[in-house]
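Trainee: Sharing a structure here in structure tokens format.
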Amino acid sequence: MGWGRSGPSLALAVALAIAVTAAAVLFRGSVPPWALIAGAGAALLGLFTLLGAAAGLVHFGSTSRQRRFLDAMTDALGDAMVVTDGRGRAIYANGPFIKFVSDAGAERLVGMDVLFAGFPEFAEPVYQLAQAGLEGRRAEREIRVAAGSPAPGALPDRPVWLRLKVAPAPLPGAKGHTLWVLQDISADRARQEQAFARLQFIITYLDHAPAGFFSTLASGKVDYVNATLAAWLGFDVAQSQGNGLELSAIVGTAGAKLLAGVAPVPGGSVTENFDLDLLGKTGPPLPVHVIHRIDFESDGRRLPSRTLVVPRRIGGPAADESVAALRLTRLAAAVPLGIAEVDAKGILREANAAFLSLSPAVMRGASLAAAVAESEREALTRALAEALAADGRQVAVDVTIGSHERQRAVQFVVMRLAAEDANAVVFAVDKTESKALEVQLAQSQKMQAVGQLASGIAHDFNNVLTPIIGFADLLLAKMRPTDPAFADVMNIKQNANRAANLVRQLLAFSRRQTLSPKVHSLTEAMSDLGNLLGRVLGEKVGLKINHGRDLGLVLVDIHQFEQVIINLAVNARDAMPNGGTLTVRTHNVSTEDSRTISPELMPPGDYVAVEVEDTGTGIPPEILNKIWEPFFSTKEVGKGTGLGLSTVYGIVKQTGGFIFCDSGLGKGTTFRIYLPRHYPAPVTEPVAAERAAKPAAPRADHTGKGRILLVEDEDAVRAFAVRALTSRGYTVIEADSGESALAVIESDDKGFELILSDVVMPEMDGPTLLRELRKRGIKTKVIFVSGYAEDAFEKNLEGQTDFAFLPKPFSLKQLVEKVKEVMES
């Protein structure tokens, strides 16, 4: 055919380019690199020969012979190939392409875009390939030509698959040329479709096999469940595919632990048999026997496991024995006590789910000693040796299992069941919670004992401080600031107040201080406290206060709660000697969220949380459990009392709240306080109007008239109170005990307007005196004074609530104000 190929010189150059490019396009990735290099070398040799012939330097026969040789070489590649220039014109084609064009009915040599123009299935692929060729990129597309299509290459009785490839053609001295390759891949596609059909046939057989089957990924996601098993369990086949199902949804949490609890075997596999109960969507569990296989990569990574499931249907003569064996197996699997079998080398051979749940490091095929703390491995090895040396002897050893974040205290009991047994049985009892309860109980008892001691000391100390502060007030009332002794007396009072503050901290720790709780919004309270915190922290430490939206109300003594925040801020400042940031956050905690905080210590409910977080040095783990203890301090001598955090703990607990500490070395410390959220009762409009209309209180007048019975066993306190009240116009009668007070009342014929009584007194205390008065019909108003908190003695009042309370130590002003308030009420 006259139009078949181009001129001799161009044909030779194009053929050489095709030899190199086609080798890369057709055989890329399928032949070794040396073969491509050799082919390219041969092509270059041919090119040099051609150039040499043109210059008359090398003799390689005639140009027509060279053309025929290279044409034969491109034809031998088998696939139809054509080279187009930058305009898409065909400048060279091999024999298979010429035949393809001729069979298509074309009258001249054309490029691919012209050959397939007008056929919809080729329009987009050919355009995209042409663009790739112009841009110098390699590309390929596969196109299906329907049976009977008018497109080139179509057959009347079956579809044809064609693969089109393009690659840049490196012609000497020219750019923009593209090599097109056309391949008929119908046979390959037919083989693929046959293989796929065969695979579908096999999957159908597996899906409907008389046994269940499932595959699980290393992540615990079920990758495949056959239709038989899905039907048994009531799962939808479509929903159970594609990682949408957890292994625990089929075999339960314990079963998942059992199947996964095997040590890796790099490059190998492990096949095990288990008796399990499978969980269905409906109906009772399905007892089955499973054959479970896990394969591993050479580096120990787990490949997807395969599990064959056979239902256990027991019948025939051995039914009773089989039922008994099955029940025993299921009992061992379900019991909450860990049971395992260990060989003489300490390798775990068998274990139930409870045993495997102790730690991820506990696995079948692995050393049991490797899962316990390093310092305890020798003791475990010794216990195993002792148990294997004697029949039936039980050897107990306490160990710690797991990482530092999730350590568990476990007691192993090791024994050999029979003399012929080469392995030992290990029973594991998880004692983590009981150990924690033991520690909490010991800590609680210690704190209670120290609290009682602190409370007693505080009570006696308050009896000493009351007259010191009181007589200092009496002296200051008679002195002018210019008097020489005024400053000395003021120093006495100030230091007595410091001592009183220390006593309040002791009472706060023992939770026996007097609180005056009121409804507050912590948003307002913390805002008011911001300036003070800034001064406490200093210039090196930054302060951030972030409040949650719609923060709930709390019922607290705001002054005591401010002391909590200040104490935490002082500790945070000391933990950041080089500076840092203190962040105070508040937010609401719902009942649902509270269940996850500390369910064993904090009951669920609505709370308002306050978080105090610093960026300091953190608290070492060995100290973290001691921070709440009174007088425990890590500061230098003279720089701390050790009562700061114990006071915080006492105030929070007495308020009805909870406090937790989270800290790590180098990670800073966060204290989280949870206060019960307060929901006030709605106030009616008339009551609100009445409160708004209440006139402002006039200036306080602390003088008064009336007879007061003062009952106090401490002489100094009684002497100060008598002088203070007498100086304000009251008539005061003294009594040093409850019995003497009753005697005074019985012999008195004038009556008293007020009884001011101590609480703790020998023989008859204040609450007993009040009960006796009410029994005798005496309705005189009563004020109790005490170094203890009010709620410390309320339980002894048997329902009596008609009294006022004044905590010790009190000043002259506090005493006369309270007396005036009660007498006028």
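In the structure tokens, chains take the letters A, B, ... in the order shown, each chain's residues start at 1, and ligands count up from 1 in the order shown.
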Can you tell me which residues surround range 612-616 of chain A at a distance of at most 8 Å, considering only C-alpha atoms, apart from same-chain residues fewer than 3 positions away, and format the answer as a ChimeraX atom specification?

Mentor: /A:565,568-569,572,575-576,580-585,666-672

Trainee: I want to know what sits within 8 Å of range 223-225 of chain A, based on only C-alpha atoms, with residues of the same chain fewer than 4 positions away left out; could you give that as a PyMOL selection string?

Mentor: chain A and resi 212-217+229-230+237+240-245

Trainee: Taking the backbone alone, and naming residues the way the document does, which bits of range 514-565 of chain A are strand (DSSP E or B) by DSSP, as an MDAnalysis selection string?

Mentor: chainID A and resid 518:521 541:547 553:556

Trainee: Mind writing the picked residues with N, CA, C and O atoms as a tab-separated table (two decimals), in the first residue's frame?

Mentor:
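The resulting file, again_16.tsv, is reproduced below:
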```
chain	number	residue	atom	x	y	z
A	518	LYS	N	-23.65	31.00	101.86
A	518	LYS	CA	-24.66	31.79	101.19
A	518	LYS	C	-24.60	31.47	99.70
A	518	LYS	O	-23.61	30.92	99.21
A	519	VAL	N	-25.66	31.79	98.98
A	519	VAL	CA	-25.72	31.52	97.55
A	519	VAL	C	-24.85	32.54	96.82
A	519	VAL	O	-25.01	33.75	97.01
A	520	HIS	N	-23.95	32.04	95.99
A	520	HIS	CA	-23.03	32.93	95.27
A	520	HIS	C	-22.87	32.46	93.83
A	520	HIS	O	-23.03	31.27	93.52
A	521	SER	N	-22.51	33.39	92.98
A	521	SER	CA	-22.06	33.09	91.62
A	521	SER	C	-20.55	33.17	91.61
A	521	SER	O	-19.98	34.23	91.94
A	541	VAL	N	4.56	35.64	87.35
A	541	VAL	CA	3.51	34.67	87.05
A	541	VAL	C	2.30	35.37	86.45
A	541	VAL	O	1.76	36.32	87.05
A	542	GLY	N	1.90	34.94	85.27
A	542	GLY	CA	0.71	35.49	84.63
A	542	GLY	C	-0.55	34.82	85.14
A	542	GLY	O	-0.54	33.67	85.57
A	543	LEU	N	-1.67	35.55	85.09
A	543	LEU	CA	-2.95	35.04	85.60
A	543	LEU	C	-3.99	35.07	84.49
A	543	LEU	O	-4.16	36.09	83.81
A	544	LYS	N	-4.65	33.95	84.29
A	544	LYS	CA	-5.77	33.86	83.35
A	544	LYS	C	-6.99	33.33	84.08
A	544	LYS	O	-6.89	32.33	84.80
A	545	ILE	N	-8.13	33.99	83.92
A	545	ILE	CA	-9.38	33.54	84.53
A	545	ILE	C	-10.40	33.36	83.40
A	545	ILE	O	-10.73	34.32	82.70
A	546	ASN	N	-10.85	32.14	83.21
A	546	ASN	CA	-11.82	31.82	82.16
A	546	ASN	C	-13.09	31.25	82.79
A	546	ASN	O	-13.02	30.23	83.49
A	547	HIS	N	-14.21	31.89	82.55
A	547	HIS	CA	-15.48	31.44	83.13
A	547	HIS	C	-16.33	30.75	82.08
A	547	HIS	O	-16.39	31.19	80.92
A	553	LEU	N	-25.15	28.42	90.29
A	553	LEU	CA	-24.91	29.00	91.62
A	553	LEU	C	-24.42	27.92	92.58
A	553	LEU	O	-24.68	26.72	92.38
A	554	VAL	N	-23.71	28.36	93.63
A	554	VAL	CA	-23.22	27.43	94.65
A	554	VAL	C	-23.53	28.00	96.03
A	554	VAL	O	-23.66	29.22	96.19
A	555	LEU	N	-23.64	27.13	97.01
A	555	LEU	CA	-23.89	27.53	98.39
A	555	LEU	C	-22.58	27.36	99.17
A	555	LEU	O	-22.22	26.26	99.56
A	556	VAL	N	-21.86	28.48	99.36
A	556	VAL	CA	-20.55	28.42	100.01
A	556	VAL	C	-20.37	29.61	100.94
A	556	VAL	O	-21.06	30.63	100.83
```

Trainee: Nearest to Gly220 in chain A: which of A:Arg718, A:Lys653, A:Arg302, A:His678 is it, counting only C-alpha atoms?

Mentor: A:Arg302

Trainee: Using only C-alpha atoms, which residue out of A:Gly456, A:Pro767, A:Gly470, A:Pro125 lies closest to Phe803 in chain A?

Mentor: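 Using only C-alpha atoms, Phe803 in chain A sits closest to A:Pro767.
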
Trainee: Would you mind listing what lies within 7 Å of Ala804 in chain A as a ChimeraX atom specification, with only C-alpha atoms counted and same-chain residues fewer than 5 positions away left out?

Mentor: /A:782-784

Trainee: Applying 10 Å and only C-alpha atoms, which residues near Ala370 in chain A remain after dropping the ones on its own chain fewer than 3 positions away? List them as a VMD selection string.

Mentor: chain A and resid 346 to 347 361 to 362 366 to 367 373 to 374 376 to 377 401

Trainee: Limited to C-alpha atoms, could you put the picked residues into a file as an mmCIF file, in the first residue's frame?

Mentor:
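Dumped everything to part_36.cif:
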```cif
data_model
loop_
_atom_site.group_PDB
_atom_site.id
_atom_site.type_symbol
_atom_site.label_atom_id
_atom_site.label_comp_id
_atom_site.auth_asym_id
_atom_site.auth_seq_id
_atom_site.Cartn_x
_atom_site.Cartn_y
_atom_site.Cartn_z
ATOM 1 C CA GLY A 346 7.135 -19.568 83.103
ATOM 2 C CA ILE A 347 5.530 -19.433 79.643
ATOM 3 C CA ALA A 361 1.390 -7.719 78.302
ATOM 4 C CA VAL A 362 -0.252 -10.955 79.551
ATOM 5 C CA ALA A 366 4.765 -15.171 76.420
ATOM 6 C CA SER A 367 6.600 -15.180 79.740
ATOM 7 C CA ALA A 373 7.267 -5.290 87.648
ATOM 8 C CA GLU A 374 10.959 -6.031 87.221
ATOM 9 C CA GLU A 376 9.012 -8.693 91.529
ATOM 10 C CA ARG A 377 9.998 -11.138 88.765
ATOM 11 C CA ILE A 401 1.151 -5.669 86.622
#
```

Trainee: Excluding same-chain residues fewer than 4 positions from Ile755 in chain A, what lies within 10 Å of it counting only C-alpha atoms, as a ChimeraX atom specification?

Mentor: /A:707-711,732-733,741,770,780-784,803,819

Trainee: Mind dumping the selected residues with C-alpha atoms as a tab-separated table (two decimals), in the first residue's frame?

Mentor:
```
chain	number	residue	atom	x	y	z
A	707	ARG	CA	-29.80	41.26	132.82
A	708	ILE	CA	-27.43	38.68	131.33
A	709	LEU	CA	-26.41	35.37	132.87
A	710	LEU	CA	-22.82	34.57	131.79
A	711	VAL	CA	-21.93	30.85	132.07
A	732	VAL	CA	-24.09	40.64	134.23
A	733	ILE	CA	-24.44	37.72	136.65
A	741	ALA	CA	-26.16	28.47	136.36
A	770	LEU	CA	-30.37	24.44	127.36
A	780	THR	CA	-34.86	32.94	127.87
A	781	LYS	CA	-32.80	33.63	124.75
A	782	VAL	CA	-29.48	31.77	124.58
A	783	ILE	CA	-26.14	32.47	122.88
A	784	PHE	CA	-23.59	29.67	122.78
A	803	PHE	CA	-30.22	29.60	120.11
A	819	VAL	CA	-25.61	40.38	122.25
```

Trainee: Please identify all polymer residues within 10 Å of range 136-149 of chain A, counting only C-alpha atoms, omitting same-chain residues fewer than 3 positions from it, and present them as a VMD selection string.

Mentor: chain A and resid 25 119 121 to 122 125 to 126 128 to 133 152 to 169 175 to 186

Trainee: Counting only C-alpha atoms, which of A:Arg573, A:Arg416, A:Lys345, A:Lys818 gets nearest to Ala387 in chain A?

Mentor: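 Closest candidate: A:Arg416.
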
Trainee: Quick one: distance from CA of Ala354 in chain A to CA of Ala254 in chain A in Å, one decimal?

Mentor: 7.1 Å

Trainee: Please identify which residues in range 89-330 of chain A DSSP calls alpha helix (DSSP H) from the backbone, and express them as a ChimeraX atom specification.

Mentor: /A:95-103,112-115,120-134,186-207,227-233,248-260,319-330

Trainee: Just the residues within 10 Å of Pro264 in chain A, please, counting only C-alpha atoms, with nothing from its chain fewer than 6 positions along; format it as a list in words.

Mentor: Val270, Ile294, Asp295, Phe296, Glu297, Ser298, Asp299, Gly300, Arg301, Arg302, Met363, Arg364, Gly365 and Ala366 of chain A

Trainee: So the first atom is CA of His459 in chain A and the second is CA of Asp758 in chain A; what is the distance between them in Å, to one decimal place?

Mentor: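 Pair CA of His459 in chain A / CA of Asp758 in chain A returns 11.5 Å.
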
Trainee: Grab the CA of Ala719 in chain A to CA of Leu756 in chain A distance for me, in Å with one decimal place.

Mentor: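 About the pair CA of Ala719 in chain A and CA of Leu756 in chain A: they are 13.2 Å apart.
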